[in-house]
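Source file: input.txt; contents: compact mmCIF, C-alpha atoms.
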```txt
# COMPACT_ATOMS: atom_id res chain seq x y z
CA MET A 1 1.47 17.61 -22.80
CA MET A 2 -1.75 15.71 -22.17
CA THR A 3 -1.47 13.90 -25.51
CA ALA A 4 2.22 12.98 -25.23
CA PRO A 5 2.76 9.20 -25.11
CA LEU A 6 2.93 7.71 -21.62
CA THR A 7 6.46 6.84 -20.58
CA LEU A 8 7.89 4.83 -17.70
CA SER A 9 8.72 8.07 -15.88
CA HIS A 10 5.00 8.96 -15.70
CA TYR A 11 4.32 5.82 -13.68
CA MET A 12 7.51 6.28 -11.63
CA ILE A 13 6.48 9.82 -10.67
CA VAL A 14 2.99 8.71 -9.59
CA ALA A 15 4.49 5.85 -7.58
CA GLY A 16 7.08 8.19 -6.07
CA LEU A 17 4.42 10.71 -5.01
CA LEU A 18 2.29 7.93 -3.50
CA PHE A 19 5.36 6.65 -1.61
CA LEU A 20 6.15 10.14 -0.29
CA ILE A 21 2.55 10.62 0.89
CA GLY A 22 2.91 7.27 2.69
CA VAL A 23 6.21 8.32 4.29
CA PHE A 24 4.68 11.61 5.44
CA GLY A 25 1.72 9.77 6.97
CA ALA A 26 3.87 7.16 8.70
CA LEU A 27 6.05 9.91 10.22
CA THR A 28 3.27 12.26 11.33
CA ARG A 29 0.09 10.30 12.16
CA ARG A 30 -0.43 9.93 15.91
CA ASN A 31 -2.91 7.08 15.50
CA ILE A 32 -1.32 3.63 15.06
CA ILE A 33 -4.06 2.64 12.57
CA GLY A 34 -3.13 5.72 10.51
CA ILE A 35 0.52 4.63 10.50
CA LEU A 36 -0.49 1.13 9.31
CA MET A 37 -2.63 2.65 6.52
CA SER A 38 0.31 4.83 5.41
CA ILE A 39 2.54 1.74 5.26
CA GLU A 40 -0.05 0.09 2.99
CA LEU A 41 0.19 3.13 0.66
CA MET A 42 3.98 2.68 0.49
CA PHE A 43 3.60 -1.04 -0.39
CA ASN A 44 1.23 -0.05 -3.20
CA ALA A 45 3.69 2.51 -4.56
CA ALA A 46 6.34 -0.22 -4.74
CA ASN A 47 3.86 -2.50 -6.52
CA ILE A 48 3.05 0.15 -9.16
CA ASN A 49 6.78 0.50 -9.85
CA LEU A 50 7.27 -3.28 -10.12
CA VAL A 51 4.40 -3.75 -12.57
CA ALA A 52 5.41 -0.67 -14.60
CA PHE A 53 9.01 -1.84 -14.94
CA ASP A 54 7.71 -5.26 -15.99
CA ARG A 55 5.47 -3.69 -18.66
CA PHE A 56 7.97 -1.15 -20.05
CA LEU A 57 11.37 -2.85 -19.75
CA HIS A 58 10.65 -6.62 -19.79
CA PRO A 59 7.31 -7.13 -21.59
CA GLU A 60 8.28 -10.70 -22.57
CA GLY A 61 8.27 -12.01 -18.95
CA VAL A 62 6.05 -11.75 -15.87
CA THR A 63 8.76 -11.62 -13.18
CA GLY A 64 7.81 -8.13 -12.00
CA GLN A 65 4.15 -9.07 -11.66
CA ALA A 66 5.04 -12.24 -9.72
CA LEU A 67 7.22 -10.16 -7.39
CA ALA A 68 4.31 -7.73 -6.90
CA LEU A 69 2.18 -10.70 -5.80
CA PHE A 70 4.79 -11.61 -3.18
CA VAL A 71 4.81 -8.00 -1.92
CA MET A 72 1.01 -8.15 -1.70
CA THR A 73 1.16 -11.34 0.40
CA VAL A 74 3.74 -9.92 2.79
CA ALA A 75 1.69 -6.72 3.12
CA ALA A 76 -1.43 -8.73 4.00
CA ALA A 77 0.51 -10.67 6.65
CA GLU A 78 1.94 -7.42 8.02
CA ILE A 79 -1.43 -5.69 8.38
CA VAL A 80 -2.98 -8.75 10.07
CA VAL A 81 -0.20 -9.05 12.66
CA GLY A 82 -0.05 -5.27 13.13
CA LEU A 83 -3.76 -4.96 13.83
CA ALA A 84 -3.68 -7.98 16.18
CA LEU A 85 -0.80 -6.39 18.10
CA LEU A 86 -2.72 -3.10 18.21
CA LEU A 87 -5.77 -4.87 19.67
CA ALA A 88 -3.59 -6.55 22.31
CA ILE A 89 -1.89 -3.25 23.24
CA TYR A 90 -5.23 -1.40 23.33
CA ARG A 91 -6.54 -3.95 25.82
CA GLY A 92 -3.64 -3.17 28.16
CA THR A 93 -3.16 0.59 27.74
CA ASP A 94 -6.58 1.79 26.52
CA THR A 95 -5.06 4.11 23.88
CA VAL A 96 -4.33 4.00 20.14
CA TYR A 97 -1.84 6.91 20.06
CA ALA A 98 1.78 6.05 19.36
CA GLU A 99 3.31 8.48 21.86
CA ASP A 100 1.45 6.76 24.73
CA PHE A 101 3.03 3.37 23.96
CA ASN A 102 5.92 3.77 26.43
CA LEU A 103 5.67 0.53 28.43
CA LEU A 104 9.14 -0.59 27.31
CA LYS A 105 10.82 2.74 28.03
CA GLY A 106 13.24 2.50 30.98
CA MET B 1 -5.63 9.60 -26.20
CA LEU B 2 -7.88 7.27 -24.18
CA GLU B 3 -4.79 5.83 -22.51
CA GLN B 4 -3.72 9.29 -21.33
CA ILE B 5 -7.19 10.17 -20.01
CA VAL B 6 -7.35 6.90 -18.05
CA PHE B 7 -3.85 7.35 -16.64
CA TYR B 8 -4.24 10.97 -15.55
CA SER B 9 -7.69 10.51 -14.00
CA LEU B 10 -6.65 7.34 -12.11
CA SER B 11 -3.46 9.03 -10.88
CA ALA B 12 -5.42 12.03 -9.66
CA LEU B 13 -7.86 9.71 -7.85
CA VAL B 14 -5.04 7.69 -6.24
CA LEU B 15 -3.02 10.70 -5.07
CA ALA B 16 -6.00 12.77 -3.87
CA SER B 17 -7.47 9.93 -1.83
CA ALA B 18 -4.00 9.01 -0.48
CA LEU B 19 -3.66 12.61 0.74
CA ALA B 20 -7.09 12.30 2.36
CA VAL B 21 -5.96 9.06 4.08
CA VAL B 22 -2.96 10.85 5.57
CA LEU B 23 -4.54 14.19 6.45
CA HIS B 24 -8.17 13.46 7.38
CA ARG B 25 -9.01 13.97 11.03
CA ASN B 26 -11.69 11.25 11.15
CA THR B 27 -10.08 7.80 11.05
CA VAL B 28 -13.24 6.15 9.71
CA HIS B 29 -13.18 8.49 6.69
CA SER B 30 -9.45 7.84 6.36
CA SER B 31 -10.04 4.09 6.07
CA LEU B 32 -12.79 4.64 3.46
CA PHE B 33 -10.39 6.80 1.42
CA LEU B 34 -7.78 4.03 1.78
CA GLY B 35 -10.18 1.68 0.00
CA LEU B 36 -10.69 4.24 -2.76
CA SER B 37 -6.96 4.80 -3.19
CA LEU B 38 -6.25 1.05 -3.38
CA ALA B 39 -9.03 0.64 -5.96
CA GLY B 40 -7.39 3.40 -8.02
CA VAL B 41 -4.07 1.54 -7.84
CA ALA B 42 -5.93 -1.55 -9.12
CA GLY B 43 -7.09 0.59 -12.05
CA LEU B 44 -3.48 1.59 -12.76
CA PHE B 45 -2.55 -2.11 -12.83
CA ALA B 46 -5.32 -2.70 -15.37
CA ALA B 47 -4.01 0.24 -17.44
CA LEU B 48 -0.59 -1.45 -17.41
CA GLY B 49 -2.12 -4.67 -18.74
CA ALA B 50 -1.53 -6.71 -15.58
CA ASP B 51 -4.89 -8.48 -15.40
CA PHE B 52 -4.10 -10.99 -12.65
CA ILE B 53 -2.52 -8.34 -10.38
CA PHE B 54 -5.63 -6.18 -10.96
CA ALA B 55 -7.92 -8.96 -9.72
CA ALA B 56 -5.60 -9.82 -6.82
CA GLN B 57 -5.44 -6.15 -5.80
CA ILE B 58 -9.24 -5.93 -5.69
CA MET B 59 -9.57 -9.20 -3.75
CA VAL B 60 -6.68 -8.77 -1.29
CA TYR B 61 -6.56 -5.02 -0.72
CA VAL B 62 -9.94 -3.46 -1.43
CA SER B 63 -12.06 -6.28 -0.03
CA GLY B 64 -9.53 -7.64 2.49
CA VAL B 65 -7.13 -5.13 3.97
CA ALA B 66 -9.36 -2.05 3.71
CA VAL B 67 -12.33 -3.86 5.28
CA LEU B 68 -10.13 -5.27 8.06
CA VAL B 69 -8.75 -1.80 8.83
CA MET B 70 -12.30 -0.45 8.87
CA PHE B 71 -13.35 -3.14 11.38
CA VAL B 72 -10.49 -2.27 13.73
CA VAL B 73 -11.13 1.48 13.39
CA MET B 74 -14.75 1.02 14.38
CA LEU B 75 -13.79 -1.38 17.20
CA LEU B 76 -11.27 1.00 18.79
CA GLY B 77 -12.59 4.45 17.90
CA ARG B 78 -14.02 6.89 20.42
CA ALA B 79 -16.19 9.93 19.78
CA SER B 80 -13.62 12.11 21.60
CA ASP B 81 -10.98 11.20 18.97
CA LEU B 82 -12.69 13.55 16.52
CA HIS B 83 -11.64 16.59 18.54
CA LEU B 84 -8.00 15.54 18.96
CA ARG B 85 -5.11 16.52 16.73
CA GLN B 86 -4.23 13.53 14.50
CA ILE B 87 -0.87 14.90 13.25
CA ASN B 88 2.08 15.15 15.65
CA GLU B 89 4.16 18.31 16.14
CA ARG B 90 7.09 17.12 14.02
CA TRP B 91 5.25 17.45 10.68
CA MET B 92 7.68 20.07 9.39
CA ALA B 93 10.66 17.72 9.77
CA ALA B 94 8.65 15.00 7.99
CA LEU B 95 7.88 17.44 5.17
CA LEU B 96 11.62 18.18 4.87
CA VAL B 97 12.41 14.44 4.65
CA CYS B 98 9.77 14.03 1.93
CA GLY B 99 11.13 17.03 0.00
CA VAL B 100 14.68 15.68 -0.02
CA ALA B 101 13.45 12.22 -1.06
CA ALA B 102 11.28 13.79 -3.79
CA VAL B 103 14.32 15.44 -5.40
CA GLY B 104 16.12 12.09 -5.57
CA LEU B 105 13.05 10.22 -6.87
CA PHE B 106 12.43 12.78 -9.64
CA LYS B 107 16.08 12.62 -10.72
CA VAL B 108 15.78 8.82 -11.06
CA ALA B 109 12.40 9.04 -12.82
CA ARG B 110 13.81 11.45 -15.40
CA LEU B 111 16.21 8.73 -16.59
CA HIS B 112 13.25 6.87 -18.13
CA SER B 113 11.46 9.83 -19.70
CA ALA B 114 11.94 8.32 -23.19
CA THR B 115 11.00 4.70 -22.37
CA VAL B 116 7.69 3.87 -24.05
CA ALA B 117 5.82 0.55 -23.96
CA THR B 118 6.51 -1.76 -26.88
CA GLY B 119 3.90 -4.13 -28.24
CA ALA B 120 0.47 -4.90 -26.79
CA ALA B 121 0.00 -6.19 -23.25
CA ARG B 122 -0.63 -9.93 -23.04
CA PRO B 123 -2.80 -11.85 -20.52
CA SER B 124 -0.42 -12.82 -17.73
CA THR B 125 -2.34 -15.31 -15.58
CA HIS B 126 -1.08 -18.38 -17.41
CA ASP B 127 2.55 -17.25 -17.30
CA ILE B 128 2.36 -16.37 -13.59
CA GLY B 129 0.95 -19.83 -12.81
CA ARG B 130 3.75 -21.49 -14.80
CA LEU B 131 6.36 -19.37 -13.00
CA PHE B 132 4.99 -20.09 -9.52
CA LEU B 133 4.66 -23.84 -9.97
CA GLY B 134 7.92 -24.18 -11.90
CA GLU B 135 10.93 -21.97 -11.42
CA TRP B 136 9.68 -20.19 -8.28
CA LEU B 137 8.18 -23.22 -6.49
CA VAL B 138 10.29 -22.87 -3.32
CA PRO B 139 9.52 -19.14 -2.73
CA PHE B 140 5.86 -19.87 -3.49
CA GLU B 141 5.72 -22.55 -0.77
CA LEU B 142 7.70 -20.35 1.64
CA ILE B 143 5.25 -17.45 1.24
CA SER B 144 2.42 -19.80 2.24
CA LEU B 145 4.39 -20.53 5.43
CA VAL B 146 4.60 -16.75 6.03
CA LEU B 147 0.81 -16.53 5.72
CA LEU B 148 0.38 -19.44 8.16
CA ALA B 149 2.73 -17.74 10.63
CA ALA B 150 0.75 -14.49 10.32
CA LEU B 151 -2.50 -16.38 10.96
CA LEU B 152 -1.10 -18.07 14.08
CA GLY B 153 0.48 -14.79 15.24
CA ALA B 154 -2.81 -12.91 14.95
CA VAL B 155 -4.62 -15.60 16.96
CA PHE B 156 -1.80 -15.69 19.54
CA PHE B 157 -1.71 -11.92 20.10
CA THR B 158 -5.47 -11.44 20.40
CA ARG B 159 -6.02 -14.45 22.72
CA THR B 160 -7.30 -13.56 26.20
CA GLU B 161 -6.01 -15.32 29.29
CA ASN B 162 -9.32 -16.71 30.60
CA ALA B 163 -10.53 -18.12 27.24
CA ARG B 164 -8.76 -21.48 27.19
```
Would you write out, as structure tokens, the structure that this file holds?
Amino acid sequence: MMTAPLTLSHYMIVAGLLFLIGVFGALTRRNIIGILMSIELMFNAANINLVAFDRFLHPEGVTGQALALFVMTVAAAEIVVGLALLLAIYRGTDTVYAEDFNLLKG
Amino acid sequence: MLEQIVFYSLSALVLASALAVVLHRNTVHSSLFLGLSLAGVAGLFAALGADFIFAAQIMVYVSGVAVLVMFVVMLLGRASDLHLRQINERWMAALLVCGVAAVGLFKVARLHSATVATGAARPSTHDIGRLFLGEWLVPFELISLVLLAALLGAVFFTRTENAR
């Protein structure tokens, strides 16, 4: 099994497992920073899939890799705004735990 | 054979450190494991022959995002956090969601169990540059606007009232 040639499904399974670990973290971490880190893991799983599809199904073009670069840019923007929001909320509520963020609850 | 060794060891590194990110009680250690996991993903990109994405992953994620997260963790952390539960009480429901999604993902992945790579991987930097400054020029310029908006948003949210 270890010497069998690598197929697209190998990469898809690794990306799928990484995505599921990210989903589990985003659903269960109490710390907002932990949730943001889990979201980064999910972005990376999507990027692995994009690059793997590009390599295995369309080796003549680079569209998948270019799309992965766009995902990377959006992920960087997301983490910057998320952490800035977290800093602003922390200043007001003095907590980083998601269940304590209930200012907007009626 | 070398290809398989590289793939399996990098995958083990990525998945083990991703589990540590999600499950570790200490957020500082979590953010260090995040850097390790992202570096492993960069290695997978290199194994796939995507040289430019490999370099971008190292520059943007490992030395940008992971370091930024580490800064914020150390800025906001308290010593008392180490004794608190970091996982909420609904972890069993989350595990159920992941299990159901895993069944679907494995069914899809099985469709490609005979797809092998054809030909050798080529350097992609030149082609990506051509694509971005040719066919994809408008999305390329729009994504720079997104980055500008994120920059302004970060400054706007972290601004304090008395610092004008």
Compare A:Ala77, A:Tyr97, A:Ile39, A:Arg91 by their minimum atom-to-atom distance to chain B, counting all atoms listed in the file, and give me the closest one. A:Ala77
Please measure the separation of CA of Ala45 in chain A and CA of Phe140 in chain B, giving the value in Å to one decimal. 22.5 Å
Between CA of Phe33 in chain B and CA of Val97 in chain B, measure the distance and give it in Å to one decimal.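 One can read the CA of Phe33 in chain B to CA of Val97 in chain B distance as 24.3 Å.
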Shell of 7 Å around Leu105 in chain B, only C-alpha atoms, local chain residues under 4 positions omitted, as a PyMOL selection string: (chain A and resi 16) or (chain B and resi 101+109)
Give me the residues near Arg78 in chain B as a list in words, where near means some atom within 12 Å (using only C-alpha atoms) and where sequence neighbours in that chain fewer than 3 positions away do not count. Asp94, Thr95 and Val96 of chain A; Asn26, Thr27, Val28, Val72, Val73, Met74, Leu75, Asp81, Leu82, His83 and Leu84 of chain B
Closest to chain A among B:Ser9, B:Gly134, B:Gly40, B:Met1, using all atoms listed in the file?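 For chain A, the nearest of the given residues is B:Met1.
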Hey, can you check how far CA of Ile79 in chain A sits from CA of Leu19 in chain B? 20.0 Å
Can you work out which one of B:Ser80, B:Ser144, B:Ser63, B:Asn88 has the shortest atom-to-atom distance to chain A, counting all atoms listed in the file?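 Among the listed residues, B:Asn88 lies closest to chain A.
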Up to 7 Å from chain B, what residues of chain A turn up? Count all atoms listed in the file and give them as a PyMOL selection string. chain A and resi 2-3+6-9+12-14+16+18+20-21+24-25+27-31+38+52+55-56+62+65-66+69+76-77+80-81+84-85+87-88
Could I get chain A from the block written out with C-alpha atoms, as a short mmCIF file (atom, residue, chain, number, x, y, z; two decimals), in the first residue's frame?
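This went into part.cif:
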```cif
data_model
loop_
_atom_site.label_atom_id
_atom_site.label_comp_id
_atom_site.auth_asym_id
_atom_site.auth_seq_id
_atom_site.Cartn_x
_atom_site.Cartn_y
_atom_site.Cartn_z
CA MET A 1 0.00 0.00 0.00
CA MET A 2 2.86 2.34 0.83
CA THR A 3 4.41 1.86 -2.61
CA ALA A 4 1.19 2.26 -4.62
CA PRO A 5 1.29 5.31 -6.91
CA LEU A 6 -0.17 8.48 -5.44
CA THR A 7 -3.60 9.30 -6.82
CA LEU A 8 -5.81 12.37 -6.62
CA SER A 9 -7.89 10.67 -3.92
CA HIS A 10 -4.85 10.57 -1.59
CA TYR A 11 -4.63 14.35 -1.66
CA MET A 12 -8.42 14.72 -1.44
CA ILE A 13 -8.53 12.54 1.69
CA VAL A 14 -5.76 14.53 3.39
CA ALA A 15 -7.50 17.80 2.48
CA GLY A 16 -10.84 16.40 3.66
CA LEU A 17 -9.40 15.34 7.02
CA LEU A 18 -7.74 18.74 7.46
CA PHE A 19 -11.07 20.44 6.64
CA LEU A 20 -12.93 18.25 9.16
CA ILE A 21 -10.37 19.04 11.89
CA GLY A 22 -10.94 22.73 11.08
CA VAL A 23 -14.73 22.33 11.26
CA PHE A 24 -14.44 20.54 14.61
CA GLY A 25 -12.21 23.31 15.97
CA ALA A 26 -14.45 26.12 14.72
CA LEU A 27 -17.49 24.46 16.32
CA THR A 28 -15.94 23.57 19.68
CA ARG A 29 -13.18 26.07 20.59
CA ARG A 30 -14.33 28.58 23.20
CA ASN A 31 -11.51 30.99 22.44
CA ILE A 32 -12.14 33.31 19.47
CA ILE A 33 -8.46 33.08 18.44
CA GLY A 34 -8.86 29.28 18.34
CA ILE A 35 -11.89 29.65 16.05
CA LEU A 36 -9.89 31.94 13.72
CA MET A 37 -7.01 29.41 13.63
CA SER A 38 -9.46 26.61 12.76
CA ILE A 39 -10.84 28.72 9.90
CA GLU A 40 -7.28 29.11 8.58
CA LEU A 41 -6.95 25.29 8.58
CA MET A 42 -10.14 25.04 6.48
CA PHE A 43 -8.80 27.59 3.95
CA ASN A 44 -5.62 25.52 3.65
CA ALA A 45 -7.60 22.33 3.04
CA ALA A 46 -9.40 24.06 0.17
CA ASN A 47 -6.05 25.24 -1.22
CA ILE A 48 -4.60 21.70 -1.17
CA ASN A 49 -7.63 20.51 -3.15
CA LEU A 50 -7.31 23.35 -5.69
CA VAL A 51 -3.61 22.72 -6.33
CA ALA A 52 -4.10 18.93 -6.45
CA PHE A 53 -6.93 19.19 -8.99
CA ASP A 54 -4.75 21.53 -11.04
CA ARG A 55 -1.85 19.04 -10.98
CA PHE A 56 -3.84 15.85 -11.64
CA LEU A 57 -6.69 16.93 -13.95
CA HIS A 58 -5.41 20.06 -15.77
CA PRO A 59 -1.59 19.90 -15.78
CA GLU A 60 -1.41 22.10 -18.90
CA GLY A 61 -2.81 25.23 -17.14
CA VAL A 62 -2.27 27.08 -13.87
CA THR A 63 -5.88 28.14 -13.17
CA GLY A 64 -6.15 26.12 -9.96
CA GLN A 65 -2.92 27.58 -8.59
CA ALA A 66 -4.04 31.13 -9.45
CA LEU A 67 -7.35 30.48 -7.66
CA ALA A 68 -5.41 29.19 -4.63
CA LEU A 69 -3.54 32.52 -4.57
CA PHE A 70 -6.86 34.39 -4.47
CA VAL A 71 -8.03 32.18 -1.58
CA MET A 72 -4.76 32.96 0.22
CA THR A 73 -5.30 36.72 -0.20
CA VAL A 74 -8.87 36.58 1.07
CA ALA A 75 -7.74 34.46 4.04
CA ALA A 76 -5.07 37.02 4.93
CA ALA A 77 -7.63 39.83 4.78
CA GLU A 78 -10.04 37.79 6.90
CA ILE A 79 -7.53 37.06 9.67
CA VAL A 80 -6.41 40.71 9.81
CA VAL A 81 -9.96 42.06 10.15
CA GLY A 82 -10.92 39.24 12.55
CA LEU A 83 -8.02 39.90 14.89
CA ALA A 84 -8.64 43.68 14.77
CA LEU A 85 -12.30 43.09 15.67
CA LEU A 86 -11.20 40.76 18.48
CA LEU A 87 -8.88 43.44 19.89
CA ALA A 88 -11.70 46.01 19.76
CA ILE A 89 -14.15 43.64 21.49
CA TYR A 90 -11.56 42.66 24.11
CA ARG A 91 -11.10 46.32 24.98
CA GLY A 92 -14.82 46.63 25.72
CA THR A 93 -15.68 43.28 27.32
CA ASP A 94 -12.33 42.08 28.72
CA THR A 95 -12.86 38.49 27.52
CA VAL A 96 -11.82 36.33 24.55
CA TYR A 97 -14.46 33.59 25.00
CA ALA A 98 -17.18 33.39 22.38
CA GLU A 99 -20.05 32.64 24.78
CA ASP A 100 -19.41 35.92 26.64
CA PHE A 101 -19.89 38.01 23.48
CA ASN A 102 -23.61 38.70 24.08
CA LEU A 103 -23.74 42.50 23.74
CA LEU A 104 -26.11 42.29 20.76
CA LYS A 105 -28.46 39.77 22.37
CA GLY A 106 -31.87 41.32 23.16
#
```
